[in-house]
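Quick look at start08.cif (mmCIF, C-alpha atoms):
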```
data_query
#
loop_
_atom_site.label_atom_id
_atom_site.label_comp_id
_atom_site.auth_asym_id
_atom_site.auth_seq_id
_atom_site.Cartn_x
_atom_site.Cartn_y
_atom_site.Cartn_z
CA MET A 1 42.52 4.11 52.18
CA LYS A 2 44.56 1.20 50.89
CA THR A 3 48.05 0.47 52.16
CA TRP A 4 51.04 0.02 49.86
CA ASN A 5 51.20 -3.68 50.82
CA GLU A 6 47.59 -4.14 49.69
CA ILE A 7 48.24 -2.36 46.40
CA TYR A 8 51.39 -4.41 45.80
CA ALA A 9 49.56 -7.68 46.54
CA ASN A 10 46.78 -6.76 44.13
CA ALA A 11 49.32 -5.89 41.42
CA LYS A 12 50.90 -9.30 41.85
CA SER A 13 47.52 -10.96 41.31
CA GLN A 14 46.86 -8.86 38.18
CA CYS A 15 50.21 -9.35 36.42
CA ALA A 16 50.49 -12.45 34.23
CA LYS A 17 54.10 -11.70 33.19
CA CYS A 18 55.69 -9.52 35.86
CA ARG A 19 56.31 -11.49 39.07
CA CYS A 20 56.17 -8.33 41.20
CA CYS A 21 59.22 -9.56 43.10
CA PRO A 22 59.74 -8.27 46.67
CA VAL A 23 62.96 -6.67 45.33
CA CYS A 24 62.58 -5.55 41.71
CA ASP A 25 66.20 -6.01 40.59
CA GLY A 26 65.96 -7.88 37.29
CA ARG A 27 67.25 -11.23 38.54
CA ALA A 28 64.06 -13.26 38.16
CA CYS A 29 63.12 -11.87 34.73
CA ARG A 30 66.49 -11.94 32.95
CA GLY A 31 66.02 -11.76 29.20
CA GLU A 32 62.22 -11.62 29.36
CA THR A 33 61.47 -9.11 26.61
CA PRO A 34 58.64 -8.64 25.74
CA GLY A 35 58.02 -8.70 29.44
CA PRO A 36 59.53 -6.78 32.34
CA GLY A 37 63.10 -8.07 32.11
CA GLY A 38 66.40 -6.76 30.82
CA LYS A 39 67.77 -7.59 27.38
CA GLY A 40 69.87 -10.71 26.77
CA SER A 41 71.51 -11.88 29.98
CA GLY A 42 69.65 -9.17 31.89
CA SER A 43 72.95 -7.94 33.33
CA ALA A 44 72.28 -4.24 32.63
CA PHE A 45 69.03 -4.28 34.65
CA VAL A 46 70.70 -6.20 37.48
CA ARG A 47 73.68 -3.82 37.42
CA ASN A 48 71.38 -0.83 37.88
CA SER A 49 70.30 -2.26 41.22
CA GLU A 50 73.74 -3.48 42.30
CA MET A 51 75.50 -0.16 41.72
CA LEU A 52 72.94 1.81 43.74
CA LYS A 53 73.74 -0.40 46.74
CA LYS A 54 77.41 0.56 46.42
CA ILE A 55 76.59 4.14 47.42
CA LEU A 56 76.34 4.77 51.16
CA ILE A 57 74.63 7.65 52.96
CA GLN A 58 76.57 9.61 55.57
CA MET A 59 74.77 10.07 58.90
CA ASP A 60 74.74 13.49 60.56
CA THR A 61 72.17 13.86 63.33
CA ILE A 62 73.63 16.78 65.29
CA THR A 63 71.58 19.46 63.61
CA SER A 64 68.76 21.97 64.05
CA ASN A 65 65.18 20.79 64.36
CA GLU A 66 63.35 22.27 61.33
CA GLU A 67 60.83 20.33 59.30
CA ILE A 68 62.17 18.43 56.28
CA ASP A 69 61.05 19.83 52.90
CA THR A 70 61.29 17.70 49.73
CA ALA A 71 59.85 20.40 47.44
CA SER A 72 61.52 20.89 44.07
CA ASP A 73 60.59 22.09 40.59
CA PHE A 74 60.44 20.74 37.06
CA PHE A 75 61.54 23.52 34.69
CA GLY A 76 59.85 26.02 37.00
CA HIS A 77 56.75 23.92 37.72
CA PRO A 78 56.60 23.17 41.48
CA VAL A 79 56.55 19.53 42.58
CA ALA A 80 56.36 17.93 46.02
CA LEU A 81 59.46 15.83 45.34
CA PRO A 82 61.91 15.48 42.42
CA VAL A 83 60.64 12.00 41.51
CA TYR A 84 58.66 11.30 38.33
CA ALA A 85 56.97 8.30 36.73
CA ALA A 86 58.98 6.99 33.78
CA PRO A 87 57.35 6.51 30.35
CA ILE A 88 56.03 2.99 29.82
CA SER A 89 53.72 1.65 27.13
CA GLY A 90 52.53 -1.83 26.23
CA ILE A 91 51.26 -2.52 29.73
CA GLU A 92 49.51 -5.75 28.71
CA GLN A 93 52.40 -6.93 26.54
CA ASN A 94 55.08 -6.28 29.16
CA TYR A 95 53.25 -6.93 32.42
CA GLY A 96 50.42 -9.20 31.37
CA ALA A 97 47.90 -6.84 32.99
CA LYS A 98 44.42 -6.74 31.47
CA MET A 99 44.53 -3.00 31.08
CA ARG A 100 44.42 -0.68 28.07
CA ASP A 101 47.34 1.71 27.68
CA ASP A 102 45.01 4.72 27.68
CA ASP A 103 43.45 3.63 30.97
CA TYR A 104 46.90 3.04 32.43
CA THR A 105 48.10 6.47 31.33
CA ARG A 106 45.01 8.23 32.69
CA GLU A 107 45.42 6.67 36.12
CA LEU A 108 49.18 7.30 36.10
CA VAL A 109 48.86 10.99 35.23
CA GLU A 110 46.03 11.56 37.71
CA GLY A 111 47.80 9.73 40.54
CA CYS A 112 51.05 11.60 40.03
CA LEU A 113 49.19 14.91 40.09
CA GLN A 114 47.45 13.86 43.31
CA ALA A 115 50.93 13.33 44.77
CA ASN A 116 51.96 16.73 43.37
CA THR A 117 54.45 15.36 40.89
CA LEU A 118 54.44 14.46 37.18
CA ALA A 119 54.33 11.50 34.81
CA PHE A 120 56.23 10.95 31.57
CA THR A 121 53.91 9.22 29.09
CA GLY A 122 54.73 6.65 26.45
CA ASP A 123 54.66 6.12 22.68
CA GLY A 124 54.56 3.17 20.30
CA MET A 125 54.67 2.09 16.67
CA HIS A 126 50.95 2.71 16.11
CA ASP A 127 49.79 6.33 16.06
CA GLU A 128 47.18 5.80 18.78
CA MET A 129 49.92 4.74 21.19
CA PHE A 130 50.98 8.40 21.24
CA LYS A 131 47.71 10.16 20.48
CA GLY A 132 45.86 8.51 23.37
CA PRO A 133 48.38 9.39 26.11
CA MET A 134 48.87 12.88 24.66
CA GLU A 135 45.13 13.54 24.79
CA ILE A 136 45.17 12.54 28.46
CA VAL A 137 48.03 14.97 29.15
CA LYS A 138 46.05 17.69 27.35
CA GLN A 139 42.97 16.93 29.46
CA HIS A 140 45.14 17.49 32.54
CA ASN A 141 46.17 21.00 31.44
CA GLY A 142 49.42 19.75 29.92
CA TYR A 143 50.71 18.48 33.26
CA GLY A 144 52.71 15.57 31.86
CA ILE A 145 55.71 14.93 29.66
CA PRO A 146 54.94 13.07 26.40
CA THR A 147 57.87 10.92 25.32
CA ILE A 148 58.42 10.38 21.60
CA LYS A 149 60.38 7.55 20.02
CA PRO A 150 63.09 8.60 17.51
CA TRP A 151 60.85 8.05 14.50
CA GLN A 152 61.48 9.32 11.01
CA TYR A 153 61.20 13.11 10.86
CA GLU A 154 57.56 13.43 9.73
CA HIS A 155 56.33 11.11 12.45
CA MET A 156 58.23 13.05 15.12
CA LYS A 157 56.95 16.32 13.66
CA TRP A 158 53.23 15.62 14.05
CA ARG A 159 53.77 14.22 17.53
CA ILE A 160 55.64 17.37 18.61
CA GLU A 161 52.88 19.52 17.10
CA LEU A 162 50.29 17.62 19.16
CA ALA A 163 52.40 18.09 22.30
CA ASN A 164 52.73 21.81 21.60
CA GLU A 165 48.97 22.13 21.05
CA GLY A 166 48.32 20.23 24.27
CA ASN A 167 50.48 22.64 26.31
CA ALA A 168 52.71 19.83 27.61
CA LEU A 169 55.16 21.05 30.23
CA ALA A 170 58.04 19.49 28.29
CA ILE A 171 58.67 17.03 25.46
CA ALA A 172 61.03 14.07 25.77
CA SER A 173 62.48 11.64 23.25
CA ASP A 174 63.92 8.29 24.29
CA ILE A 175 66.56 8.27 21.58
CA ASP A 176 68.13 5.07 22.91
CA ALA A 177 65.27 3.20 21.22
CA SER A 178 66.84 4.04 17.84
CA GLY A 179 68.73 0.77 17.60
CA LEU A 180 65.94 -1.62 18.59
CA SER A 181 65.39 -4.10 15.77
CA ASN A 182 61.64 -4.44 16.31
CA LEU A 183 61.18 -0.65 16.02
CA ARG A 184 63.61 -0.20 13.12
CA ASN A 185 61.47 -2.68 11.16
CA SER A 186 58.08 -1.51 12.43
CA VAL A 187 55.25 0.15 10.51
CA THR A 188 56.69 3.48 11.70
CA PRO A 189 60.47 2.93 11.73
CA VAL A 190 62.83 4.62 14.16
CA GLY A 191 66.24 5.91 13.15
CA PHE A 192 69.41 7.32 14.65
CA LYS A 193 69.58 11.10 14.99
CA SER A 194 72.64 13.31 14.45
CA VAL A 195 73.28 16.53 16.37
CA GLU A 196 71.95 18.46 13.37
CA ASP A 197 68.81 16.29 13.27
CA LEU A 198 68.21 16.96 16.96
CA LYS A 199 68.66 20.71 16.48
CA LYS A 200 65.80 20.65 13.96
CA ILE A 201 63.64 18.62 16.33
CA LYS A 202 64.43 20.94 19.24
CA ALA A 203 63.49 23.96 17.13
CA MET A 204 59.97 22.56 16.71
CA CYS A 205 59.42 22.34 20.48
CA LYS A 206 57.76 25.30 22.21
CA VAL A 207 58.66 23.86 25.62
CA PRO A 208 61.80 22.28 27.14
CA PHE A 209 63.16 19.34 25.13
CA ILE A 210 64.63 16.37 27.00
CA LEU A 211 66.76 13.56 25.56
CA LYS A 212 66.33 10.24 27.35
CA GLY A 213 68.96 7.53 27.04
CA ILE A 214 72.21 9.45 27.48
CA LEU A 215 74.83 7.17 29.04
CA SER A 216 78.21 8.74 28.32
CA VAL A 217 80.07 12.03 28.54
CA ALA A 218 80.25 12.08 24.74
CA GLY A 219 76.48 11.70 24.54
CA ALA A 220 75.97 14.51 27.05
CA ARG A 221 78.21 16.83 25.03
CA LYS A 222 76.24 16.04 21.87
CA ALA A 223 72.97 16.73 23.71
CA LEU A 224 74.35 20.11 24.75
CA ALA A 225 75.42 20.84 21.17
CA ALA A 226 71.92 19.93 19.98
CA GLY A 227 70.42 22.48 22.37
CA ALA A 228 68.60 20.03 24.63
CA ASP A 229 67.19 21.55 27.81
CA GLY A 230 67.62 18.34 29.76
CA ILE A 231 68.82 14.75 29.57
CA ILE A 232 67.90 11.54 31.33
CA VAL A 233 70.94 9.41 32.15
CA SER A 234 69.55 5.94 31.49
CA ASN A 235 70.19 2.51 30.02
CA HIS A 236 66.44 2.14 29.37
CA GLY A 237 65.99 -0.18 32.34
CA GLY A 238 68.56 -2.54 30.83
CA ARG A 239 66.23 -3.19 27.90
CA VAL A 240 68.26 -1.87 24.93
CA LEU A 241 71.88 -3.02 25.41
CA ASP A 242 73.18 -5.95 27.41
CA ASP A 243 76.37 -5.34 29.44
CA SER A 244 75.91 -1.57 29.54
CA PRO A 245 76.83 0.54 32.59
CA SER A 246 74.13 1.76 34.93
CA GLY A 247 72.82 5.30 35.00
CA ILE A 248 74.04 5.90 38.54
CA GLU A 249 77.61 4.91 37.57
CA MET A 250 77.73 7.51 34.80
CA LEU A 251 75.74 10.22 36.56
CA GLU A 252 78.41 12.19 38.41
CA GLU A 253 80.81 12.41 35.48
CA ILE A 254 78.00 13.58 33.20
CA VAL A 255 76.79 16.14 35.76
CA ASN A 256 80.32 17.55 35.99
CA VAL A 257 80.59 17.91 32.21
CA VAL A 258 77.13 19.48 31.86
CA ASP A 259 78.05 21.98 34.60
CA GLY A 260 74.55 23.35 35.07
CA ARG A 261 73.93 24.07 31.38
CA MET A 262 70.93 21.73 31.25
CA LYS A 263 68.86 19.63 33.64
CA VAL A 264 70.17 16.14 34.39
CA PHE A 265 67.72 13.41 35.42
CA VAL A 266 68.48 9.73 35.96
CA ASP A 267 66.66 6.40 36.08
CA GLY A 268 67.46 2.71 36.47
CA ALA A 269 66.27 0.51 39.40
CA PHE A 270 65.49 3.34 41.81
CA ARG A 271 63.34 1.65 44.41
CA SER A 272 63.41 3.77 47.57
CA GLY A 273 63.78 7.26 48.93
CA ASN A 274 67.34 6.31 49.88
CA ASP A 275 68.08 5.59 46.22
CA VAL A 276 66.65 8.97 45.25
CA PHE A 277 68.80 10.67 47.89
CA LYS A 278 71.93 9.07 46.39
CA ALA A 279 71.16 10.38 42.91
CA LEU A 280 70.47 13.89 44.18
CA ALA A 281 73.74 13.85 46.13
CA LEU A 282 75.59 12.99 42.90
CA GLY A 283 74.05 16.00 41.19
CA ALA A 284 70.82 14.79 39.59
CA ASP A 285 67.94 17.25 39.28
CA GLY A 286 65.45 14.42 39.60
CA VAL A 287 64.81 10.68 39.33
CA LEU A 288 62.43 8.66 37.15
CA ILE A 289 60.92 5.37 38.38
CA GLY A 290 59.40 2.87 35.95
CA ARG A 291 58.50 -0.69 36.86
CA PRO A 292 57.30 -0.10 40.46
CA ALA A 293 55.23 2.89 39.29
CA SER A 294 53.54 0.60 36.77
CA GLN A 295 52.87 -1.98 39.47
CA ALA A 296 51.34 0.77 41.61
CA VAL A 297 48.88 1.69 38.86
CA ILE A 298 48.05 -1.94 38.06
CA GLY A 299 47.44 -2.67 41.73
CA GLY A 300 45.67 0.49 42.80
CA MET A 301 45.02 2.82 39.84
CA ALA A 302 45.48 6.55 40.57
CA GLU A 303 45.32 5.93 44.32
CA GLY A 304 48.05 3.32 43.95
CA ILE A 305 50.58 5.61 42.29
CA ARG A 306 49.73 8.43 44.71
CA ILE A 307 50.39 6.15 47.68
CA TYR A 308 53.59 4.86 46.08
CA MET A 309 54.93 8.39 45.50
CA GLU A 310 54.01 9.34 49.07
CA LYS A 311 55.93 6.27 50.27
CA ILE A 312 59.03 7.36 48.31
CA GLN A 313 58.63 10.90 49.67
CA LEU A 314 58.51 9.66 53.28
CA GLU A 315 61.61 7.51 52.73
CA LEU A 316 63.42 10.48 51.18
CA LYS A 317 62.47 12.62 54.17
CA GLU A 318 63.83 9.98 56.54
CA ALA A 319 67.14 9.79 54.65
CA MET A 320 67.37 13.58 54.68
CA ALA A 321 66.63 13.73 58.41
CA MET A 322 69.35 11.21 59.25
CA SER A 323 71.92 13.03 57.11
CA GLY A 324 71.23 16.53 58.40
CA CYS A 325 69.46 17.79 55.27
CA LYS A 326 66.47 20.10 55.62
CA SER A 327 65.83 20.78 51.92
CA ILE A 328 66.65 19.22 48.55
CA GLN A 329 69.40 21.84 48.13
CA ASP A 330 71.13 20.48 51.24
CA ILE A 331 71.68 17.07 49.60
CA THR A 332 75.26 17.57 48.45
CA ARG A 333 78.11 15.33 47.32
CA ASP A 334 79.62 15.07 50.83
CA LYS A 335 76.45 13.31 52.03
CA VAL A 336 77.35 10.03 50.28
CA ILE A 337 80.27 7.62 49.94
CA VAL A 338 80.67 5.95 46.53
CA THR A 339 82.33 2.53 46.74
CA PHE A 340 82.27 1.40 43.10
#
```
Just dump the structure as structure tokens.
Amino acid sequence: MKTWNEIYANAKSQCAKCRCCPVCDGRACRGETPGPGGKGSGSAFVRNSEMLKKILIQMDTITSNEEIDTASDFFGHPVALPVYAAPISGIEQNYGAKMRDDDYTRELVEGCLQANTLAFTGDGMHDEMFKGPMEIVKQHNGYGIPTIKPWQYEHMKWRIELANEGNALAIASDIDASGLSNLRNSVTPVGFKSVEDLKKIKAMCKVPFILKGILSVAGARKALAAGADGIIVSNHGGRVLDDSPSGIEMLEEIVNVVDGRMKVFVDGAFRSGNDVFKALALGADGVLIGRPASQAVIGGMAEGIRIYMEKIQLELKEAMAMSGCKSIQDITRDKVIVTF
């Protein structure tokens, strides 16, 4: 079996654009879009990483000696840990890897299932960029979360119908892509969605509907009004708006406003089990990881992402052990100190 270091080294040799930096924090790839970097100055990507480091974990080692359990669930579906692969498409365009998106998605979905967790899959301006990944989710008994761009209504409609037919566990839409110039002018244009628009989209979904790209209390309230079953607090990896806050900065306030009425996930430069612990302590139901998950697939295919998820799980267990937590439910607000 390969080690994570071997997988990482192979990814570095396979990526013509992504540098596979020892610390993936957006500093080396500022403004490199297309590519792995953040938009403009890259400050939003960098901020994601910086703000996570401003949260400290409280130690508590006088405790009972039970085994640590990271088990959780995704809308009732059991998972080994509340960590999921984020939706990414354009693997060759953004990473420079000689790999088709369908092959990437197949390995990602399979590897996440081997680790007993789930992958969100991507979408793009050409129909096949959704149809291919959705077919792979269908082949895996619907164990994946297709993510749909905020296209014009008819183009969202047929995608949702495919997801329903494929028995996907949930359907997501990364609505923060609505303002991207290249997608607004693409062959299948995106557009902003009102609360009423989102209600109509939600009504088409036979499974939980998740809105990705919520980054304010106002946005969370609108998601609730639209009937969303979950949100992902996210600045899209710093790729849609320069100088935006990080997901982790906005998380606790949004969790408090939502008050258990829908699931709250978060992403943005999560790189370790410690980072996951911090998000869970601030009230997140789960964490999505993007760039390193892609590197894991590029460097080691399904085995690579399985080994990466197992690495994150072990780190999470270690953080839980040192803070006196035996289960995910034990990770509460008093376990961390926020210094930002």
Self-check item: Result set, the PyMOL selection byres ((chain A and resi 3-14) around 9) on current file, as a list of chain:residue names
Solution: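 Taken on the displayed file, the PyMOL selection byres ((chain A and resi 3-14) around 9) yields the residues A:Met1, A:Lys2, A:Cys15, A:Ala16, A:Cys18, A:Arg19, A:Cys20, A:Cys21, A:Tyr95, A:Gly96, A:Ala97, A:Lys98, A:Gln295, A:Ala296, A:Val297, A:Ile298, A:Gly299, A:Gly300, A:Met301, A:Gly304, A:Ile307, A:Tyr308, A:Lys311.
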Quiz item: Taking all atoms listed in the file into account, which of A:Cys325, A:Met156, A:Val336, A:Val276 comes nearest Thr61 (chain A)?
Solution: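 Smallest distance to Thr61 (chain A) is found for A:Cys325.
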Quiz item: Which residues fall under the PyMOL selection byres ((chain A and resi 80) around 9) in this file, as a list in words?
Solution: Asp69, Thr70, Ala71, Ser72, Asp73, Pro78, Val79, Leu81, Pro82, Val83, Ala115, Asn116, Thr117 and Gln313 of chain A
Quiz item: Between CA of Ala293 (chain A) and CA of Ser234 (chain A), what is the distance, to one decimal in Å?
Solution: 16.6 Å
Quiz item: Any chance you could work out the residue set of the PyMOL selection byres ((chain A and resi 130-133) around 10) here, as an MDAnalysis selection string?
Solution: chainID A and resid 89 101:106 109 120:129 134:139 144:149 159 162:163
Quiz prompt | Residue among A:Phe209, A:Asp259, A:Lys39, A:Lys53 lying closest to Ala170 (chain A), counting all atoms listed in the file | solution =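 For Ala170 (chain A), the nearest of the candidates is A:Phe209.
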Practice problem: Kindly give the distance, in Å, that separates CA of Gly31 (chain A) and CA of Met309 (chain A), rounded to a single decimal. | Solution: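 Computed distance, CA of Gly31 (chain A) to CA of Met309 (chain A), equals 28.2 Å.
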Practice problem: Grab the CA of Val23 (chain A) to CA of Arg100 (chain A) distance for me, in Å with one decimal place. | Solution: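 Result for CA of Val23 (chain A) versus CA of Arg100 (chain A): 26.0 Å, one decimal.
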Self-check item: Nearby residues (all atoms listed in the file) at most 8 Å from Ala228 (chain A), same-chain spacing under 4 positions excluded, as an MDAnalysis selection string
Solution: chainID A and resid 202 208:211 223:224 262
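Using all atoms listed in the file, the nearest neighbour of Cys24 (chain A) within the list A:Phe270, A:Ile248, A:Pro189, A:Val255 is A:Phe270.
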N, CA and C atoms are needed for region 316-328 of chain A; please write them out as a short mmCIF file (atom, residue, chain, number, x, y, z; two decimals), in the coordinates of the input.
```cif
data_model
loop_
_atom_site.label_atom_id
_atom_site.label_comp_id
_atom_site.auth_asym_id
_atom_site.auth_seq_id
_atom_site.Cartn_x
_atom_site.Cartn_y
_atom_site.Cartn_z
N LEU A 316 62.45 9.41 51.48
CA LEU A 316 63.42 10.48 51.18
C LEU A 316 63.55 11.41 52.37
N LYS A 317 62.43 11.76 52.99
CA LYS A 317 62.47 12.62 54.17
C LYS A 317 63.28 11.98 55.29
N GLU A 318 63.10 10.68 55.48
CA GLU A 318 63.83 9.98 56.54
C GLU A 318 65.33 9.97 56.26
N ALA A 319 65.71 9.75 55.01
CA ALA A 319 67.14 9.79 54.65
C ALA A 319 67.70 11.19 54.86
N MET A 320 66.93 12.20 54.49
CA MET A 320 67.37 13.58 54.68
C MET A 320 67.53 13.90 56.17
N ALA A 321 66.57 13.46 56.98
CA ALA A 321 66.63 13.73 58.41
C ALA A 321 67.87 13.12 59.04
N MET A 322 68.22 11.91 58.65
CA MET A 322 69.35 11.21 59.25
C MET A 322 70.69 11.69 58.72
N SER A 323 70.67 12.50 57.67
CA SER A 323 71.92 13.03 57.11
C SER A 323 72.04 14.54 57.31
N GLY A 324 71.14 15.11 58.09
CA GLY A 324 71.23 16.53 58.40
C GLY A 324 70.76 17.46 57.31
N CYS A 325 69.95 16.97 56.38
CA CYS A 325 69.46 17.79 55.27
C CYS A 325 68.03 18.26 55.54
N LYS A 326 67.79 19.55 55.39
CA LYS A 326 66.47 20.10 55.62
C LYS A 326 65.71 20.36 54.32
N SER A 327 66.44 20.52 53.22
CA SER A 327 65.83 20.78 51.92
C SER A 327 66.58 20.00 50.86
N ILE A 328 66.00 19.92 49.67
CA ILE A 328 66.65 19.22 48.55
C ILE A 328 68.01 19.84 48.26
#
```
